[in-house]
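Structure file final.cif (mmCIF, N, CA and C atoms and all ligand atoms) follows.
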data_coords
#
loop_
_atom_site.group_PDB
_atom_site.id
_atom_site.type_symbol
_atom_site.label_atom_id
_atom_site.label_comp_id
_atom_site.auth_asym_id
_atom_site.auth_seq_id
_atom_site.Cartn_x
_atom_site.Cartn_y
_atom_site.Cartn_z
ATOM 1 N N MET R 3 0.857 -1.199 0.000
ATOM 2 C CA MET R 3 0.000 0.000 0.000
ATOM 3 C C MET R 3 0.885 1.238 0.000
ATOM 4 N N VAL R 4 0.521 2.169 -0.847
ATOM 5 C CA VAL R 4 1.304 3.399 -0.982
ATOM 6 C C VAL R 4 0.991 4.345 0.184
ATOM 7 N N ALA R 5 2.003 5.150 0.569
ATOM 8 C CA ALA R 5 1.822 6.103 1.660
ATOM 9 C C ALA R 5 0.726 7.106 1.299
ATOM 10 N N PRO R 6 -0.136 7.499 2.234
ATOM 11 C CA PRO R 6 -1.254 8.397 1.928
ATOM 12 C C PRO R 6 -0.831 9.697 1.263
ATOM 13 N N ARG R 7 0.341 10.243 1.639
ATOM 14 C CA ARG R 7 0.783 11.512 1.053
ATOM 15 C C ARG R 7 1.112 11.353 -0.439
ATOM 16 N N LEU R 8 1.363 10.127 -0.890
ATOM 17 C CA LEU R 8 1.696 9.899 -2.296
ATOM 18 C C LEU R 8 0.457 9.619 -3.150
ATOM 19 N N LYS R 9 -0.711 9.524 -2.529
ATOM 20 C CA LYS R 9 -1.938 9.286 -3.289
ATOM 21 C C LYS R 9 -2.386 10.544 -4.014
ATOM 22 N N SER R 10 -1.907 11.707 -3.559
ATOM 23 C CA SER R 10 -2.263 12.977 -4.195
ATOM 24 C C SER R 10 -1.646 13.049 -5.583
ATOM 25 N N ARG R 11 -2.309 13.780 -6.476
ATOM 26 C CA ARG R 11 -1.789 13.940 -7.844
ATOM 27 C C ARG R 11 -0.855 15.137 -7.953
ATOM 28 N N THR R 12 -0.449 15.702 -6.829
ATOM 29 C CA THR R 12 0.509 16.809 -6.846
ATOM 30 C C THR R 12 1.819 16.350 -7.466
ATOM 31 N N LEU R 13 2.214 15.129 -7.128
ATOM 32 C CA LEU R 13 3.448 14.570 -7.680
ATOM 33 C C LEU R 13 3.102 13.742 -8.905
ATOM 34 N N ARG R 14 4.028 13.729 -9.897
ATOM 35 C CA ARG R 14 3.783 12.892 -11.075
ATOM 36 C C ARG R 14 4.366 11.519 -10.830
ATOM 37 N N ARG R 15 3.811 10.530 -11.483
ATOM 38 C CA ARG R 15 4.245 9.142 -11.295
ATOM 39 C C ARG R 15 5.084 8.698 -12.478
ATOM 40 N N ILE R 16 6.237 8.171 -12.195
ATOM 41 C CA ILE R 16 7.138 7.688 -13.239
ATOM 42 C C ILE R 16 7.392 6.211 -12.989
ATOM 43 N N LYS R 17 7.096 5.401 -14.005
ATOM 44 C CA LYS R 17 7.350 3.961 -13.881
ATOM 45 C C LYS R 17 8.802 3.704 -14.265
ATOM 46 N N VAL R 18 9.551 3.076 -13.373
ATOM 47 C CA VAL R 18 10.967 2.802 -13.603
ATOM 48 C C VAL R 18 11.175 1.295 -13.574
ATOM 49 N N ARG R 19 11.841 0.804 -14.603
ATOM 50 C CA ARG R 19 12.131 -0.630 -14.657
ATOM 51 C C ARG R 19 13.487 -0.877 -14.016
ATOM 52 N N LEU R 20 13.531 -1.730 -13.014
ATOM 53 C CA LEU R 20 14.765 -2.036 -12.296
ATOM 54 C C LEU R 20 15.533 -3.147 -13.032
ATOM 55 N N PRO R 21 16.823 -3.291 -12.726
ATOM 56 C CA PRO R 21 17.623 -4.325 -13.387
ATOM 57 C C PRO R 21 17.013 -5.726 -13.289
ATOM 58 N N GLY R 22 16.370 -6.041 -12.219
ATOM 59 C CA GLY R 22 15.746 -7.355 -12.079
ATOM 60 C C GLY R 22 14.388 -7.461 -12.756
ATOM 61 N N SER R 23 14.144 -6.566 -13.744
ATOM 62 C CA SER R 23 12.914 -6.492 -14.542
ATOM 63 C C SER R 23 11.656 -6.253 -13.687
ATOM 64 N N LYS R 24 11.854 -5.707 -12.523
ATOM 65 C CA LYS R 24 10.729 -5.328 -11.670
ATOM 66 C C LYS R 24 10.390 -3.863 -11.975
ATOM 67 N N THR R 25 9.129 -3.525 -12.046
ATOM 68 C CA THR R 25 8.721 -2.143 -12.315
ATOM 69 C C THR R 25 8.226 -1.505 -11.023
ATOM 70 N N VAL R 26 8.805 -0.349 -10.701
ATOM 71 C CA VAL R 26 8.393 0.373 -9.510
ATOM 72 C C VAL R 26 7.953 1.782 -9.911
ATOM 73 N N THR R 27 7.162 2.412 -9.075
ATOM 74 C CA THR R 27 6.694 3.766 -9.338
ATOM 75 C C THR R 27 7.523 4.740 -8.524
ATOM 76 N N HIS R 28 8.087 5.742 -9.221
ATOM 77 C CA HIS R 28 8.803 6.813 -8.542
ATOM 78 C C HIS R 28 7.921 8.049 -8.565
ATOM 79 N N TYR R 29 7.931 8.814 -7.485
ATOM 80 C CA TYR R 29 7.107 10.011 -7.381
ATOM 81 C C TYR R 29 8.016 11.225 -7.483
ATOM 82 N N LYS R 30 7.780 12.082 -8.475
ATOM 83 C CA LYS R 30 8.638 13.247 -8.679
ATOM 84 C C LYS R 30 7.790 14.505 -8.785
ATOM 85 N N ARG R 31 8.440 15.660 -8.536
ATOM 86 C CA ARG R 31 7.767 16.955 -8.686
ATOM 87 C C ARG R 31 7.374 17.157 -10.146
ATOM 88 N N ARG R 32 6.265 17.825 -10.391
ATOM 89 C CA ARG R 32 5.853 18.132 -11.763
ATOM 90 C C ARG R 32 6.711 19.252 -12.323
ATOM 91 N N LYS R 33 6.988 19.153 -13.641
ATOM 92 C CA LYS R 33 7.801 20.193 -14.280
ATOM 93 C C LYS R 33 6.949 21.422 -14.588
ATOM 94 N N PRO R 34 7.539 22.633 -14.576
ATOM 95 C CA PRO R 34 6.785 23.830 -14.949
ATOM 96 C C PRO R 34 6.378 23.765 -16.420
ATOM 97 N N SER R 35 5.355 24.520 -16.797
ATOM 98 C CA SER R 35 4.873 24.494 -18.170
ATOM 99 C C SER R 35 5.864 25.179 -19.106
ATOM 100 N N ILE R 36 5.751 24.895 -20.409
ATOM 101 C CA ILE R 36 6.629 25.457 -21.431
ATOM 102 C C ILE R 36 6.332 26.947 -21.582
ATOM 103 N N ALA R 37 7.402 27.754 -21.786
ATOM 104 C CA ALA R 37 7.233 29.201 -21.978
ATOM 105 C C ALA R 37 6.472 29.469 -23.275
ATOM 106 N N LYS R 38 5.567 30.459 -23.228
ATOM 107 C CA LYS R 38 4.722 30.763 -24.390
ATOM 108 C C LYS R 38 5.062 32.157 -24.940
ATOM 109 N N CYS R 39 4.791 32.358 -26.237
ATOM 110 C CA CYS R 39 4.972 33.662 -26.873
ATOM 111 C C CYS R 39 3.965 34.635 -26.265
ATOM 112 N N ARG R 40 4.417 35.884 -26.056
ATOM 113 C CA ARG R 40 3.582 36.893 -25.417
ATOM 114 C C ARG R 40 2.399 37.292 -26.310
ATOM 115 N N LYS R 41 2.623 37.229 -27.642
ATOM 116 C CA LYS R 41 1.600 37.687 -28.585
ATOM 117 C C LYS R 41 0.670 36.561 -29.030
ATOM 118 N N CYS R 42 1.269 35.485 -29.563
ATOM 119 C CA CYS R 42 0.455 34.435 -30.197
ATOM 120 C C CYS R 42 0.310 33.178 -29.353
ATOM 121 N N LYS R 43 0.921 33.139 -28.183
ATOM 122 C CA LYS R 43 0.798 32.012 -27.245
ATOM 123 C C LYS R 43 1.380 30.696 -27.783
ATOM 124 N N ALA R 44 2.246 30.791 -28.805
ATOM 125 C CA ALA R 44 2.900 29.573 -29.317
ATOM 126 C C ALA R 44 3.987 29.149 -28.338
ATOM 127 N N ASN R 45 4.291 27.864 -28.307
ATOM 128 C CA ASN R 45 5.364 27.374 -27.442
ATOM 129 C C ASN R 45 6.696 27.938 -27.924
ATOM 130 N N LEU R 46 7.493 28.486 -26.999
ATOM 131 C CA LEU R 46 8.798 29.034 -27.371
ATOM 132 C C LEU R 46 9.834 27.922 -27.383
ATOM 133 N N LYS R 47 10.693 27.942 -28.396
ATOM 134 C CA LYS R 47 11.765 26.952 -28.500
ATOM 135 C C LYS R 47 13.024 27.514 -27.861
ATOM 136 N N GLY R 48 13.926 26.632 -27.463
ATOM 137 C CA GLY R 48 15.210 27.057 -26.923
ATOM 138 C C GLY R 48 15.172 27.491 -25.478
ATOM 139 N N ILE R 49 14.038 27.235 -24.809
ATOM 140 C CA ILE R 49 13.950 27.575 -23.391
ATOM 141 C C ILE R 49 13.701 26.286 -22.617
ATOM 142 N N PRO R 50 14.669 25.887 -21.778
ATOM 143 C CA PRO R 50 14.461 24.662 -21.013
ATOM 144 C C PRO R 50 13.402 24.884 -19.943
ATOM 145 N N HIS R 51 12.736 23.841 -19.523
ATOM 146 C CA HIS R 51 11.750 23.988 -18.437
ATOM 147 C C HIS R 51 11.909 22.868 -17.407
ATOM 148 N N PRO R 52 13.116 22.802 -16.804
ATOM 149 C CA PRO R 52 13.271 21.847 -15.707
ATOM 150 C C PRO R 52 12.670 22.424 -14.427
ATOM 151 N N LEU R 53 12.848 21.741 -13.327
ATOM 152 C CA LEU R 53 12.371 22.272 -12.048
ATOM 153 C C LEU R 53 13.036 23.614 -11.783
ATOM 154 N N GLN R 54 12.320 24.493 -11.085
ATOM 155 C CA GLN R 54 12.805 25.853 -10.833
ATOM 156 C C GLN R 54 14.169 25.841 -10.140
ATOM 157 N N SER R 55 14.398 24.887 -9.240
ATOM 158 C CA SER R 55 15.670 24.818 -8.509
ATOM 159 C C SER R 55 16.837 24.545 -9.441
ATOM 160 N N ILE R 56 16.595 23.845 -10.550
ATOM 161 C CA ILE R 56 17.654 23.578 -11.534
ATOM 162 C C ILE R 56 17.767 24.757 -12.478
ATOM 163 N N PHE R 57 16.616 25.303 -12.900
ATOM 164 C CA PHE R 57 16.593 26.395 -13.875
ATOM 165 C C PHE R 57 17.342 27.621 -13.373
ATOM 166 N N LYS R 58 17.187 27.939 -12.087
ATOM 167 C CA LYS R 58 17.801 29.157 -11.553
ATOM 168 C C LYS R 58 19.326 29.072 -11.519
ATOM 169 N N ASN R 59 19.881 27.868 -11.545
ATOM 170 C CA ASN R 59 21.335 27.716 -11.534
ATOM 171 C C ASN R 59 21.936 27.667 -12.931
ATOM 172 N N LEU R 60 21.100 27.708 -13.985
ATOM 173 C CA LEU R 60 21.610 27.712 -15.357
ATOM 174 C C LEU R 60 22.188 29.084 -15.670
ATOM 175 N N PRO R 61 23.201 29.152 -16.574
ATOM 176 C CA PRO R 61 23.679 30.466 -16.992
ATOM 177 C C PRO R 61 22.595 31.196 -17.765
ATOM 178 N N LYS R 62 22.662 32.524 -17.771
ATOM 179 C CA LYS R 62 21.635 33.344 -18.413
ATOM 180 C C LYS R 62 21.502 33.007 -19.903
ATOM 181 N N THR R 63 22.644 32.704 -20.543
ATOM 182 C CA THR R 63 22.624 32.403 -21.976
ATOM 183 C C THR R 63 21.909 31.098 -22.282
ATOM 184 N N ALA R 64 21.777 30.218 -21.308
ATOM 185 C CA ALA R 64 21.097 28.942 -21.534
ATOM 186 C C ALA R 64 19.612 29.044 -21.256
ATOM 187 N N LYS R 65 19.178 30.178 -20.710
ATOM 188 C CA LYS R 65 17.782 30.314 -20.302
ATOM 189 C C LYS R 65 16.877 30.843 -21.403
ATOM 190 N N ARG R 66 17.441 31.557 -22.379
ATOM 191 C CA ARG R 66 16.624 32.089 -23.473
ATOM 192 C C ARG R 66 17.504 32.327 -24.681
ATOM 193 N N PRO R 67 16.921 32.374 -25.918
ATOM 194 C CA PRO R 67 17.703 32.608 -27.126
ATOM 195 C C PRO R 67 18.335 33.993 -27.110
ATOM 196 N N GLN R 68 19.498 34.110 -27.735
ATOM 197 C CA GLN R 68 20.249 35.365 -27.767
ATOM 198 C C GLN R 68 19.814 36.203 -28.960
ATOM 199 N N ARG R 69 18.671 36.814 -28.879
ATOM 200 C CA ARG R 69 18.177 37.710 -29.923
ATOM 201 C C ARG R 69 17.209 38.677 -29.271
ATOM 202 N N PRO R 70 16.868 39.777 -29.993
ATOM 203 C CA PRO R 70 15.907 40.712 -29.404
ATOM 204 C C PRO R 70 14.607 39.982 -29.057
ATOM 205 N N PHE R 71 14.044 40.251 -27.924
ATOM 206 C CA PHE R 71 12.812 39.633 -27.430
ATOM 207 C C PHE R 71 12.939 38.124 -27.270
ATOM 208 N N GLY R 72 14.191 37.622 -27.099
ATOM 209 C CA GLY R 72 14.398 36.193 -26.838
ATOM 210 C C GLY R 72 13.747 35.821 -25.524
ATOM 211 N N GLY R 73 12.929 34.800 -25.533
ATOM 212 C CA GLY R 73 12.215 34.383 -24.327
ATOM 213 C C GLY R 73 10.935 35.155 -24.100
ATOM 214 N N GLU R 74 10.631 36.107 -24.991
ATOM 215 C CA GLU R 74 9.407 36.907 -24.863
ATOM 216 C C GLU R 74 8.470 36.621 -26.034
ATOM 217 N N LEU R 75 9.034 36.789 -27.265
ATOM 218 C CA LEU R 75 8.249 36.607 -28.483
ATOM 219 C C LEU R 75 8.825 35.454 -29.296
ATOM 220 N N CYS R 76 7.981 34.795 -30.103
ATOM 221 C CA CYS R 76 8.472 33.786 -31.034
ATOM 222 C C CYS R 76 9.110 34.525 -32.213
ATOM 223 N N THR R 77 9.831 33.806 -33.081
ATOM 224 C CA THR R 77 10.566 34.468 -34.171
ATOM 225 C C THR R 77 9.626 35.199 -35.132
ATOM 226 N N LYS R 78 8.455 34.587 -35.416
ATOM 227 C CA LYS R 78 7.498 35.213 -36.341
ATOM 228 C C LYS R 78 7.016 36.556 -35.796
ATOM 229 N N CYS R 79 6.649 36.572 -34.514
ATOM 230 C CA CYS R 79 6.139 37.797 -33.898
ATOM 231 C C CYS R 79 7.248 38.843 -33.774
ATOM 232 N N MET R 80 8.492 38.389 -33.506
ATOM 233 C CA MET R 80 9.617 39.320 -33.397
ATOM 234 C C MET R 80 9.863 40.005 -34.737
ATOM 235 N N ARG R 81 9.891 39.210 -35.826
ATOM 236 C CA ARG R 81 10.096 39.777 -37.160
ATOM 237 C C ARG R 81 8.969 40.747 -37.513
ATOM 238 N N ALA R 82 7.735 40.328 -37.237
ATOM 239 C CA ALA R 82 6.574 41.170 -37.530
ATOM 240 C C ALA R 82 6.665 42.489 -36.768
ATOM 241 N N HIS R 83 7.141 42.429 -35.541
ATOM 242 C CA HIS R 83 7.285 43.622 -34.709
ATOM 243 C C HIS R 83 8.256 44.612 -35.353
ATOM 244 N N PHE R 84 9.414 44.084 -35.849
ATOM 245 C CA PHE R 84 10.423 44.977 -36.422
ATOM 246 C C PHE R 84 9.998 45.516 -37.780
ATOM 247 N N VAL R 85 9.271 44.698 -38.544
ATOM 248 C CA VAL R 85 8.745 45.169 -39.835
ATOM 249 C C VAL R 85 7.763 46.315 -39.594
ATOM 250 N N GLU R 86 6.897 46.104 -38.626
ATOM 251 C CA GLU R 86 5.891 47.116 -38.287
ATOM 252 C C GLU R 86 6.554 48.416 -37.807
ATOM 253 N N LYS R 87 7.598 48.253 -36.991
ATOM 254 C CA LYS R 87 8.328 49.405 -36.445
ATOM 255 C C LYS R 87 8.997 50.197 -37.569
ATOM 256 N N ALA R 88 9.599 49.478 -38.551
ATOM 257 C CA ALA R 88 10.271 50.126 -39.676
ATOM 258 C C ALA R 88 9.272 50.890 -40.552
ATOM 259 N N ARG R 89 8.066 50.300 -40.732
ATOM 260 C CA ARG R 89 7.030 50.937 -41.557
ATOM 261 C C ARG R 89 6.539 52.222 -40.911
ATOM 262 N N LYS R 90 6.418 52.186 -39.612
ATOM 263 C CA LYS R 90 5.910 53.365 -38.875
ATOM 264 C C LYS R 90 6.878 54.523 -38.934
ATOM 265 N N SER R 91 8.200 54.210 -38.912
ATOM 266 C CA SER R 91 9.218 55.264 -38.858
ATOM 267 C C SER R 91 9.370 55.992 -40.187
ATOM 268 N N GLU R 92 8.867 55.374 -41.306
ATOM 269 C CA GLU R 92 9.015 56.017 -42.610
ATOM 270 C C GLU R 92 8.073 57.216 -42.760
HETATM 271 ZN ZN ZN R 101 4.345 34.655 -31.433
#

Since I need it in another form, could you write the structure as structure tokens?
Amino acid sequence: MVAPRLKSRTLRRIKVRLPGSKTVTHYKRRKPSIAKCRKCKANLKGIPHPLQSIFKNLPKTAKRPQRPFGGELCTKCMRAHFVEKARKSE
């Protein structure tokens, strides 16, 4: 019988196969959701989403793409933003 605190769905369940071909359930923290584009809500690429305790120890360059609005806008929205900005300035 599993411990009562592990019956909650707060933790995710991972089935792990042991060397003796026995399968056991491991209980782990749930991962944070994938970062989304501010404009179109598309999933952003190049941004890891491990547990917060691991993410905060990553270097800044590993946390978001190295371009304007990296980690804020997707590439399509970023390009559209600059095209729009250039048109307005004319
Ligand atoms: Zn977008």

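With the cut-off set to 6 Å and only N, CA and C atoms and all ligand atoms counted, the residues surrounding ligand ZN 101 (chain R) are Cys39, Arg40, Lys41, Cys42, Lys43, Ala44, Leu75, Cys76, Thr77, Lys78, Cys79 and Met80 of chain R.
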
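Interatomic distance, CA of His28 (chain R) against atom N of Lys58 (chain R): 23.0 Å.
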
Exercise for the section: Do a neighbour search on Gln68 (chain R) at 12 Å with only C-alpha atoms, toss out local chain neighbours closer than 6 positions, and write the hits as a VMD selection string. Expected result: chain R and resid 47 to 49 62 74 77

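Computed from the coordinates, the CA of Tyr29 (chain R) to atom C of Leu53 (chain R) distance equals 15.5 Å.
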
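Of the residues in chain R, those given strand (DSSP E or B) by DSSP on the backbone are Leu13, Arg14, Arg15, Ile16, Lys17, Val18, Arg19, Thr25, Val26, Thr27, His28, Tyr29, Lys30, Arg31, Lys38 and Asn45 of chain R.
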
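The coordinates place atom N of Pro70 (chain R) at 28.9 Å from atom C of Arg32 (chain R).
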
Can you sort out the box for region 12-27 of chain R, edges along x, y and z, all listed atoms in, 8 Å on every side, with centre and edge lengths in Å to one decimal, as AutoDock Vina command-line options?
--center_x 8.6 --center_y 4.7 --center_z -10.7 --size_x 34.1 --size_y 40.3 --size_z 23.8
